[in-house]
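Below you'll find the structure, written out as C-alpha coordinates, and then a few comments.
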Amino acid sequence: MKAEYRTRLLASIDCARFLLHQGLAFRGHDESDISENQGNFLELLHFLAGHNDDIKKVVLENAPKNLKLIAPDIQKDISNALASETTSIIVNDIGHGLFTILCDESRDASTKEQSTVVIRYVDSHGYVIECFLGILHVRDTTALSLKKEIDDLFSKHGLSISQIRGQGYDGASNMRGEYNGLKTLIMKENGSAYYIHCFAHQLQLSLVGVAKKHVQVSSMYNTLSTLVHVLEGSSKRQEILREQRLKKVVDDLMTGDLVSGRGLNQETSLQRACDTRWGSHFGSLLKLVLMYDSAIDVLLIIENDGLVEQRGQSYALLNSLQSFEFAFILHLMKKIMGITNALSEAVQRKDQDIVNAMGLVKVSKQQLQATREDGWDFLLDEVCLFCEKHEIIIPKMDEMFITSGRSRRKV
(Lines give C-alpha, C1' and ligand atoms only; values in the text may rest on other atoms or scores of the structure.)
Protein backbone atom coordinates (compact mmCIF):
# COMPACT_ATOMS: atom_id res chain seq x y z
CA MET A 1 0.00 0.00 0.00
CA LYS A 2 2.84 2.38 0.84
CA ALA A 3 4.43 1.82 -2.58
CA GLU A 4 1.10 2.49 -4.32
CA TYR A 5 0.51 5.64 -2.27
CA ARG A 6 4.02 6.87 -3.04
CA THR A 7 3.57 6.28 -6.79
CA ARG A 8 0.19 8.05 -6.73
CA LEU A 9 1.59 11.02 -4.79
CA LEU A 10 4.65 11.35 -7.03
CA ALA A 11 2.42 11.36 -10.12
CA SER A 12 0.36 14.24 -8.70
CA ILE A 13 3.54 16.09 -7.69
CA ASP A 14 5.04 15.66 -11.18
CA CYS A 15 1.89 17.09 -12.77
CA ALA A 16 1.92 20.07 -10.39
CA ARG A 17 5.64 20.71 -10.98
CA PHE A 18 5.16 20.75 -14.75
CA LEU A 19 2.18 23.11 -14.63
CA LEU A 20 3.91 25.48 -12.18
CA HIS A 21 7.08 25.53 -14.28
CA GLN A 22 5.08 26.39 -17.38
CA GLY A 23 2.84 28.86 -15.58
CA LEU A 24 -0.34 27.03 -16.59
CA ALA A 25 -3.70 26.84 -14.85
CA PHE A 26 -4.58 23.67 -12.93
CA ARG A 27 -8.35 23.63 -12.98
CA GLY A 28 -10.77 23.14 -15.85
CA HIS A 29 -14.20 24.55 -16.52
CA ASP A 30 -15.78 21.09 -16.35
CA GLU A 31 -13.88 18.36 -14.48
CA SER A 32 -16.65 15.75 -14.51
CA ASP A 33 -16.01 12.24 -15.79
CA ILE A 34 -17.97 12.93 -19.01
CA SER A 35 -16.06 16.14 -19.78
CA GLU A 36 -13.93 16.17 -22.94
CA ASN A 37 -11.43 18.48 -21.24
CA GLN A 38 -11.06 18.10 -17.47
CA GLY A 39 -8.40 20.78 -17.08
CA ASN A 40 -4.63 20.72 -17.31
CA PHE A 41 -3.94 18.82 -14.07
CA LEU A 42 -6.30 15.91 -14.69
CA GLU A 43 -5.54 15.74 -18.41
CA LEU A 44 -1.81 15.60 -17.69
CA LEU A 45 -2.40 12.87 -15.11
CA HIS A 46 -4.39 10.91 -17.73
CA PHE A 47 -1.45 11.36 -20.12
CA LEU A 48 1.04 10.00 -17.56
CA ALA A 49 -1.22 7.06 -16.82
CA GLY A 50 -1.52 6.28 -20.52
CA HIS A 51 2.26 6.10 -20.90
CA ASN A 52 3.22 4.38 -17.67
CA ASP A 53 1.55 1.15 -16.53
CA ASP A 54 2.82 1.47 -12.94
CA ILE A 55 1.12 4.85 -12.60
CA LYS A 56 -2.03 3.69 -14.40
CA LYS A 57 -2.56 0.93 -11.84
CA VAL A 58 -2.79 3.32 -8.87
CA VAL A 59 -4.32 6.62 -10.12
CA LEU A 60 -7.72 7.98 -11.12
CA GLU A 61 -10.35 5.20 -11.37
CA ASN A 62 -7.87 2.63 -10.00
CA ALA A 63 -7.27 4.63 -6.81
CA PRO A 64 -9.40 4.45 -3.64
CA LYS A 65 -12.22 6.99 -3.83
CA ASN A 66 -11.02 8.70 -0.63
CA LEU A 67 -7.34 8.75 -1.65
CA LYS A 68 -7.16 9.82 -5.28
CA LEU A 69 -4.90 12.85 -4.46
CA ILE A 70 -6.47 14.93 -7.21
CA ALA A 71 -8.86 17.18 -5.24
CA PRO A 72 -8.41 20.98 -5.60
CA ASP A 73 -7.29 21.23 -1.96
CA ILE A 74 -4.64 18.58 -2.59
CA GLN A 75 -3.46 20.48 -5.67
CA LYS A 76 -3.14 23.65 -3.57
CA ASP A 77 -1.27 21.81 -0.80
CA ILE A 78 1.20 20.38 -3.32
CA SER A 79 1.69 23.82 -4.92
CA ASN A 80 2.28 25.46 -1.54
CA ALA A 81 4.77 22.73 -0.57
CA LEU A 82 6.66 23.19 -3.84
CA ALA A 83 6.70 26.98 -3.34
CA SER A 84 7.99 26.54 0.20
CA GLU A 85 10.77 24.20 -0.95
CA THR A 86 11.78 26.58 -3.76
CA THR A 87 11.89 29.54 -1.38
CA SER A 88 13.94 27.54 1.13
CA ILE A 89 16.52 26.77 -1.57
CA ILE A 90 16.77 30.49 -2.43
CA VAL A 91 17.13 31.50 1.23
CA ASN A 92 19.73 28.79 1.90
CA ASP A 93 21.68 29.93 -1.15
CA ILE A 94 21.76 33.47 0.26
CA GLY A 95 22.71 32.25 3.74
CA HIS A 96 24.25 35.07 5.73
CA GLY A 97 25.25 36.91 2.57
CA LEU A 98 24.19 40.32 1.35
CA PHE A 99 21.45 41.11 -1.16
CA THR A 100 19.36 43.81 -2.79
CA ILE A 101 15.60 44.03 -2.42
CA LEU A 102 13.37 45.04 -5.35
CA CYS A 103 9.70 45.86 -4.76
CA ASP A 104 6.73 47.03 -6.78
CA GLU A 105 3.02 47.10 -6.10
CA SER A 106 -0.08 46.77 -8.23
CA ARG A 107 -3.69 45.58 -8.07
CA ASP A 108 -4.71 42.10 -9.09
CA ALA A 109 -7.86 41.17 -11.01
CA SER A 110 -9.93 41.39 -7.81
CA THR A 111 -8.60 44.96 -7.16
CA LYS A 112 -6.57 43.84 -4.11
CA GLU A 113 -3.32 45.69 -3.54
CA GLN A 114 -0.33 43.40 -3.80
CA SER A 115 3.38 43.99 -3.52
CA THR A 116 5.96 41.74 -5.18
CA VAL A 117 9.36 41.18 -3.57
CA VAL A 118 12.41 40.14 -5.58
CA ILE A 119 15.85 39.38 -4.14
CA ARG A 120 19.05 40.03 -6.10
CA TYR A 121 22.32 38.56 -4.81
CA VAL A 122 25.64 37.03 -5.83
CA ASP A 123 25.87 33.26 -5.36
CA SER A 124 28.89 31.23 -4.23
CA HIS A 125 30.06 30.91 -7.86
CA GLY A 126 30.10 34.66 -8.44
CA TYR A 127 26.96 34.81 -10.58
CA VAL A 128 24.32 37.51 -10.10
CA ILE A 129 21.04 35.80 -9.24
CA GLU A 130 17.63 37.49 -9.25
CA CYS A 131 14.84 35.48 -7.63
CA PHE A 132 11.19 36.09 -6.88
CA LEU A 133 10.63 35.75 -3.12
CA GLY A 134 6.91 36.34 -2.69
CA ILE A 135 3.74 38.35 -3.17
CA LEU A 136 2.46 40.35 -0.21
CA HIS A 137 -1.16 41.37 0.22
CA VAL A 138 -1.23 44.88 1.68
CA ARG A 139 -4.24 46.81 2.97
CA ASP A 140 -2.77 50.03 1.61
CA THR A 141 0.45 51.13 -0.07
CA THR A 142 1.77 53.45 2.62
CA ALA A 143 5.43 53.08 3.49
CA LEU A 144 4.65 51.81 7.02
CA SER A 145 2.36 49.07 5.71
CA LEU A 146 4.92 47.94 3.11
CA LYS A 147 7.72 48.00 5.69
CA LYS A 148 5.67 45.83 8.09
CA GLU A 149 4.90 43.28 5.38
CA ILE A 150 8.58 43.09 4.37
CA ASP A 151 9.58 42.61 8.04
CA ASP A 152 7.07 39.77 8.35
CA LEU A 153 8.33 38.15 5.13
CA PHE A 154 11.97 38.39 6.24
CA SER A 155 11.10 36.99 9.66
CA LYS A 156 9.30 34.06 8.04
CA HIS A 157 12.32 33.13 5.94
CA GLY A 158 15.05 33.95 8.47
CA LEU A 159 16.39 36.98 6.60
CA SER A 160 17.44 40.27 8.18
CA ILE A 161 17.21 43.94 7.22
CA SER A 162 20.91 44.19 8.11
CA GLN A 163 21.74 41.98 5.10
CA ILE A 164 20.31 44.50 2.63
CA ARG A 165 22.87 46.48 0.64
CA GLY A 166 20.57 47.93 -2.01
CA GLN A 167 16.97 48.97 -2.56
CA GLY A 168 15.25 49.25 -5.93
CA TYR A 169 11.78 50.76 -6.26
CA ASP A 170 9.95 53.11 -8.59
CA GLY A 171 9.85 56.88 -8.06
CA ALA A 172 6.58 57.03 -6.09
CA SER A 173 6.70 59.16 -2.94
CA ASN A 174 5.72 56.25 -0.68
CA MET A 175 8.76 54.33 -1.92
CA ARG A 176 11.52 56.93 -2.28
CA GLY A 177 10.29 59.70 0.06
CA GLU A 178 13.14 61.43 1.91
CA TYR A 179 11.34 61.48 5.27
CA ASN A 180 8.69 58.76 5.38
CA GLY A 181 9.36 56.67 2.28
CA LEU A 182 10.05 52.93 2.41
CA LYS A 183 13.69 53.43 1.47
CA THR A 184 14.11 55.91 4.36
CA LEU A 185 12.48 53.56 6.90
CA ILE A 186 14.84 50.76 5.89
CA MET A 187 17.89 53.03 5.89
CA LYS A 188 17.08 54.09 9.45
CA GLU A 189 17.70 50.46 10.46
CA ASN A 190 20.50 49.83 7.98
CA GLY A 191 22.44 52.82 6.67
CA SER A 192 24.16 50.62 4.07
CA ALA A 193 20.91 49.78 2.25
CA TYR A 194 21.41 52.34 -0.51
CA TYR A 195 18.47 53.22 -2.74
CA ILE A 196 18.90 53.29 -6.53
CA HIS A 197 16.05 54.35 -8.77
CA CYS A 198 15.86 52.09 -11.85
CA PHE A 199 17.94 53.71 -14.61
CA ALA A 200 15.51 52.61 -17.32
CA HIS A 201 12.58 54.05 -15.37
CA GLN A 202 14.40 57.36 -14.82
CA LEU A 203 15.14 57.54 -18.52
CA GLN A 204 11.49 56.83 -19.33
CA LEU A 205 10.23 59.54 -16.95
CA SER A 206 12.69 62.05 -18.39
CA LEU A 207 11.64 61.34 -21.97
CA VAL A 208 7.94 61.49 -21.15
CA GLY A 209 8.38 64.77 -19.30
CA VAL A 210 10.42 66.42 -22.04
CA ALA A 211 8.20 65.17 -24.87
CA LYS A 212 4.99 66.40 -23.24
CA LYS A 213 6.44 69.90 -22.86
CA HIS A 214 6.90 70.27 -26.63
CA VAL A 215 3.68 70.90 -28.48
CA GLN A 216 4.93 69.56 -31.83
CA VAL A 217 6.17 66.28 -30.35
CA SER A 218 3.03 65.80 -28.30
CA SER A 219 0.90 66.56 -31.37
CA MET A 220 2.86 64.06 -33.46
CA TYR A 221 2.28 61.27 -30.93
CA ASN A 222 -1.41 62.21 -30.61
CA THR A 223 -1.71 61.93 -34.39
CA LEU A 224 0.05 58.57 -34.32
CA SER A 225 -2.28 57.33 -31.56
CA THR A 226 -5.34 58.41 -33.55
CA LEU A 227 -3.93 56.75 -36.68
CA VAL A 228 -3.47 53.43 -34.90
CA HIS A 229 -6.99 53.69 -33.45
CA VAL A 230 -8.50 54.33 -36.90
CA LEU A 231 -6.55 51.70 -38.84
CA GLU A 232 -6.52 48.99 -36.18
CA GLY A 233 -10.05 49.73 -34.98
CA SER A 234 -11.68 46.99 -37.02
CA SER A 235 -10.65 43.70 -38.55
CA LYS A 236 -11.75 44.96 -41.97
CA ARG A 237 -9.34 47.92 -41.87
CA GLN A 238 -6.57 45.69 -40.54
CA GLU A 239 -7.08 43.35 -43.48
CA ILE A 240 -6.99 46.28 -45.93
CA LEU A 241 -3.78 47.52 -44.29
CA ARG A 242 -2.18 44.07 -44.61
CA GLU A 243 -3.19 43.86 -48.26
CA GLN A 244 -1.75 47.31 -49.02
CA ARG A 245 1.45 46.43 -47.18
CA LEU A 246 1.80 43.15 -49.11
CA LYS A 247 1.24 44.97 -52.40
CA LYS A 248 3.88 47.54 -51.47
CA VAL A 249 6.43 44.86 -50.52
CA VAL A 250 5.88 43.00 -53.80
CA ASP A 251 6.29 46.23 -55.80
CA ASP A 252 9.48 47.15 -53.94
CA LEU A 253 10.91 43.67 -54.47
CA MET A 254 10.19 43.94 -58.19
CA THR A 255 11.91 47.35 -58.43
CA GLY A 256 14.86 46.32 -56.27
CA ASP A 257 14.09 48.74 -53.42
CA LEU A 258 13.84 45.74 -51.08
CA VAL A 259 15.90 42.58 -50.91
CA SER A 260 14.46 39.17 -50.17
CA GLY A 261 15.86 36.75 -47.64
CA ARG A 262 15.05 34.59 -44.67
CA GLY A 263 13.36 36.58 -41.91
CA LEU A 264 13.04 39.72 -44.05
CA ASN A 265 9.84 41.57 -45.00
CA GLN A 266 7.69 39.82 -42.41
CA GLU A 267 4.03 40.71 -41.97
CA THR A 268 3.70 43.58 -39.51
CA SER A 269 1.22 46.15 -38.22
CA LEU A 270 1.21 49.57 -36.60
CA GLN A 271 2.12 49.61 -32.91
CA ARG A 272 0.32 51.55 -30.21
CA ALA A 273 2.55 53.61 -27.91
CA CYS A 274 2.21 53.20 -24.15
CA ASP A 275 3.42 55.73 -21.55
CA THR A 276 4.43 53.01 -19.09
CA ARG A 277 6.64 51.38 -21.72
CA TRP A 278 8.48 54.23 -23.40
CA GLY A 279 10.36 51.81 -25.63
CA SER A 280 7.04 51.21 -27.39
CA HIS A 281 7.16 54.82 -28.64
CA PHE A 282 10.31 54.03 -30.63
CA GLY A 283 8.67 50.92 -32.04
CA SER A 284 5.64 52.98 -33.08
CA LEU A 285 7.85 55.38 -35.03
CA LEU A 286 9.70 52.59 -36.81
CA LYS A 287 6.46 50.87 -37.79
CA LEU A 288 4.97 54.12 -39.12
CA VAL A 289 8.04 54.89 -41.27
CA LEU A 290 7.97 51.31 -42.58
CA MET A 291 4.23 51.31 -43.33
CA TYR A 292 3.76 54.98 -44.23
CA ASP A 293 2.61 54.38 -47.83
CA SER A 294 0.24 51.59 -46.79
CA ALA A 295 -1.27 53.73 -44.03
CA ILE A 296 -1.85 56.63 -46.46
CA ASP A 297 -3.51 54.29 -48.98
CA VAL A 298 -5.90 52.93 -46.34
CA LEU A 299 -6.78 56.45 -45.16
CA LEU A 300 -7.57 57.44 -48.75
CA ILE A 301 -9.87 54.41 -49.06
CA ILE A 302 -11.65 55.35 -45.82
CA GLU A 303 -11.92 59.00 -46.94
CA ASN A 304 -13.62 57.95 -50.16
CA ASP A 305 -15.72 54.99 -49.03
CA GLY A 306 -16.04 55.22 -45.23
CA LEU A 307 -18.83 56.56 -43.05
CA VAL A 308 -19.29 60.32 -42.68
CA GLU A 309 -17.45 60.63 -39.35
CA GLN A 310 -14.70 58.31 -40.59
CA ARG A 311 -14.17 60.44 -43.69
CA GLY A 312 -13.62 63.57 -41.63
CA GLN A 313 -11.19 61.78 -39.33
CA SER A 314 -9.27 60.34 -42.27
CA TYR A 315 -9.14 63.75 -43.97
CA ALA A 316 -7.64 65.34 -40.83
CA LEU A 317 -5.10 62.53 -40.48
CA LEU A 318 -4.05 62.81 -44.12
CA ASN A 319 -3.46 66.55 -43.72
CA SER A 320 -1.30 65.94 -40.66
CA LEU A 321 0.64 62.95 -41.98
CA GLN A 322 1.39 64.57 -45.35
CA SER A 323 2.89 67.74 -43.85
CA PHE A 324 6.60 68.53 -43.78
CA GLU A 325 6.41 69.40 -40.07
CA PHE A 326 5.06 65.94 -39.20
CA ALA A 327 7.76 64.24 -41.29
CA PHE A 328 10.45 66.36 -39.62
CA ILE A 329 9.28 65.67 -36.06
CA LEU A 330 8.84 61.98 -36.92
CA HIS A 331 12.45 61.62 -38.05
CA LEU A 332 13.80 63.84 -35.27
CA MET A 333 12.16 61.70 -32.59
CA LYS A 334 13.19 58.51 -34.38
CA LYS A 335 16.80 59.70 -34.21
CA ILE A 336 16.59 60.66 -30.53
CA MET A 337 14.62 57.57 -29.55
CA GLY A 338 17.11 55.36 -31.38
CA ILE A 339 19.85 56.59 -29.03
CA THR A 340 17.78 56.45 -25.86
CA ASN A 341 16.19 53.10 -26.70
CA ALA A 342 19.62 51.50 -27.07
CA LEU A 343 20.55 52.90 -23.66
CA SER A 344 17.28 51.68 -22.12
CA GLU A 345 17.80 48.14 -23.40
CA ALA A 346 21.44 48.13 -22.27
CA VAL A 347 20.73 49.20 -18.67
CA GLN A 348 18.04 46.50 -18.34
CA ARG A 349 20.42 43.65 -19.07
CA LYS A 350 20.67 41.18 -16.20
CA ASP A 351 24.47 41.21 -16.24
CA GLN A 352 24.71 45.01 -16.19
CA ASP A 353 26.64 46.72 -13.38
CA ILE A 354 26.36 50.33 -12.23
CA VAL A 355 29.86 51.34 -13.36
CA ASN A 356 29.22 50.19 -16.92
CA ALA A 357 25.72 51.69 -16.80
CA MET A 358 27.12 55.12 -15.92
CA GLY A 359 29.54 54.79 -18.83
CA LEU A 360 26.64 54.02 -21.16
CA VAL A 361 24.77 57.09 -19.91
CA LYS A 362 27.83 59.22 -20.67
CA VAL A 363 28.13 57.81 -24.19
CA SER A 364 24.44 58.42 -24.89
CA LYS A 365 24.73 62.03 -23.70
CA GLN A 366 27.68 62.50 -26.05
CA GLN A 367 25.69 61.06 -28.95
CA LEU A 368 22.74 63.38 -28.23
CA GLN A 369 25.06 66.38 -27.98
CA ALA A 370 26.78 65.46 -31.25
CA THR A 371 23.36 65.20 -32.91
CA ARG A 372 22.40 68.61 -31.58
CA GLU A 373 25.60 70.25 -32.81
CA ASP A 374 26.37 68.49 -36.09
CA GLY A 375 23.40 66.28 -36.98
CA TRP A 376 20.95 68.81 -38.45
CA ASP A 377 22.19 68.70 -42.03
CA PHE A 378 22.01 64.93 -42.14
CA LEU A 379 18.58 64.99 -40.51
CA LEU A 380 17.23 67.52 -43.03
CA ASP A 381 18.62 65.47 -45.91
CA GLU A 382 16.91 62.35 -44.53
CA VAL A 383 13.60 64.20 -44.09
CA CYS A 384 13.77 65.69 -47.59
CA LEU A 385 14.43 62.26 -49.13
CA PHE A 386 11.46 60.87 -47.21
CA CYS A 387 9.26 63.73 -48.43
CA GLU A 388 10.38 63.31 -52.05
CA LYS A 389 9.70 59.59 -51.91
CA HIS A 390 6.19 60.07 -50.50
CA GLU A 391 5.33 63.22 -52.48
CA ILE A 392 5.18 65.56 -49.49
CA ILE A 393 5.61 69.25 -50.30
CA ILE A 394 8.99 70.54 -49.12
CA PRO A 395 9.02 74.25 -48.19
CA LYS A 396 11.89 76.48 -49.23
CA MET A 397 14.79 76.68 -46.82
CA ASP A 398 13.91 80.22 -45.74
CA GLU A 399 10.33 79.08 -45.07
CA MET A 400 11.19 76.06 -42.91
CA PHE A 401 10.07 76.73 -39.37
CA ILE A 402 8.47 74.97 -36.50
CA THR A 403 5.64 76.75 -34.74
CA SER A 404 5.80 76.71 -30.96
CA GLY A 405 3.00 78.64 -29.25
CA ARG A 406 3.10 82.19 -30.56
CA SER A 407 6.73 82.11 -31.67
CA ARG A 408 8.28 80.65 -34.81
CA ARG A 409 11.76 79.25 -34.63
CA LYS A 410 13.59 78.63 -37.89
CA VAL A 411 15.28 75.28 -38.33
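Identifiers for the C-alpha coordinates are assigned positionally: chains receive A, B, ... in sequence, residues are indexed from 1 per chain, and ligands are indexed from 1 in the order shown.
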Note to self: What parts of range 76-234 of chain A does DSSP call helix (DSSP H, G or I)? I'd like the answer as an MDAnalysis selection string.
What the structure shows: chainID A and resid 76:94 143:157 161:163 173:176 182:189 199:213 215:231
Checklist line | Distance query Ile196 in chain A at most 9 Å, only C-alpha atoms, self and fewer than 3 positions along chain excluded, as a list in words | finding: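 In the requested format, the answer is Gly166, Gln167, Gly168, Tyr169 and Phe199 of chain A.
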Note to self: DSSP on the backbone: which residues in range 92-337 of chain A end up as strand (DSSP E)? Give the answer as a ChimeraX atom specification.
What the structure shows: /A:99-107,113-122,128-137,164-168,194-195
Next item on the list: Find, counting only C-alpha atoms, the residue in A:Ala327, A:Val363, A:Ile186, A:Ile119 that gets nearest to Tyr292 in chain A.
Entry: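 Between A:Ala327, A:Val363, A:Ile186, A:Ile119, the residue approaching Tyr292 in chain A most closely is A:Ala327.
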Notebook entry, point to check: So which residues touch range 33-37 of chain A within 12 Å, counting only C-alpha atoms, skipping near sequence neighbours fewer than 5 positions away, as a VMD selection string?
Noted result: chain A and resid 26 to 28 42 to 44 46 60 to 61
Determine, using only C-alpha atoms, which residues of range 138-255 of chain A have any atom at most 9 Å from an atom of range 280-291 of chain A, and tabulate each with its shortest atom pair and distance in Å to one decimal place, rows ordered by chain and then rising number, as a Markdown table.
```
| residue | atom | partner | partner_atom | distance |
| --- | --- | --- | --- | --- |
| A:Tyr221 | CA | A:His281 | CA | 8.4 |
| A:Leu224 | CA | A:Ser284 | CA | 8.0 |
| A:Leu241 | CA | A:Met291 | CA | 8.9 |
| A:Arg245 | CA | A:Met291 | CA | 6.8 |
| A:Lys248 | CA | A:Met291 | CA | 9.0 |
```
Include N, CA, C and O atoms and write out the residues we just selected as a tab-separated table (two decimals), in the first residue's frame.
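This is the output file result.tsv:
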```tsv
chain	number	residue	atom	x	y	z
A	221	TYR	N	2.67	62.52	-31.57
A	221	TYR	CA	2.28	61.27	-30.93
A	221	TYR	C	0.77	61.14	-30.82
A	221	TYR	O	0.22	60.03	-30.90
A	224	LEU	N	-0.29	59.98	-34.16
A	224	LEU	CA	0.05	58.57	-34.32
A	224	LEU	C	-0.94	57.68	-33.56
A	224	LEU	O	-1.37	56.63	-34.07
A	241	LEU	N	-5.15	47.07	-44.54
A	241	LEU	CA	-3.78	47.52	-44.29
A	241	LEU	C	-2.78	46.42	-44.64
A	241	LEU	O	-1.73	46.70	-45.24
A	245	ARG	N	0.04	46.66	-47.53
A	245	ARG	CA	1.45	46.43	-47.18
A	245	ARG	C	2.05	45.33	-48.05
A	245	ARG	O	3.18	45.46	-48.54
A	248	LYS	N	2.71	46.66	-51.48
A	248	LYS	CA	3.88	47.54	-51.47
A	248	LYS	C	5.18	46.74	-51.43
A	248	LYS	O	6.15	47.06	-52.14
```
Next item on the list: Enter the distance from CA of Ser206 in chain A to CA of Lys365 in chain A, in Å, rounded to one decimal.
Entry: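 CA of Lys365 in chain A lies at a distance of 13.2 Å from CA of Ser206 in chain A.
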Next item on the list: State, in Å with one decimal place, the distance from CA of Ser344 in chain A to CA of Leu203 in chain A.
Entry: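 About the pair CA of Ser344 in chain A and CA of Leu203 in chain A: they are 7.2 Å apart.
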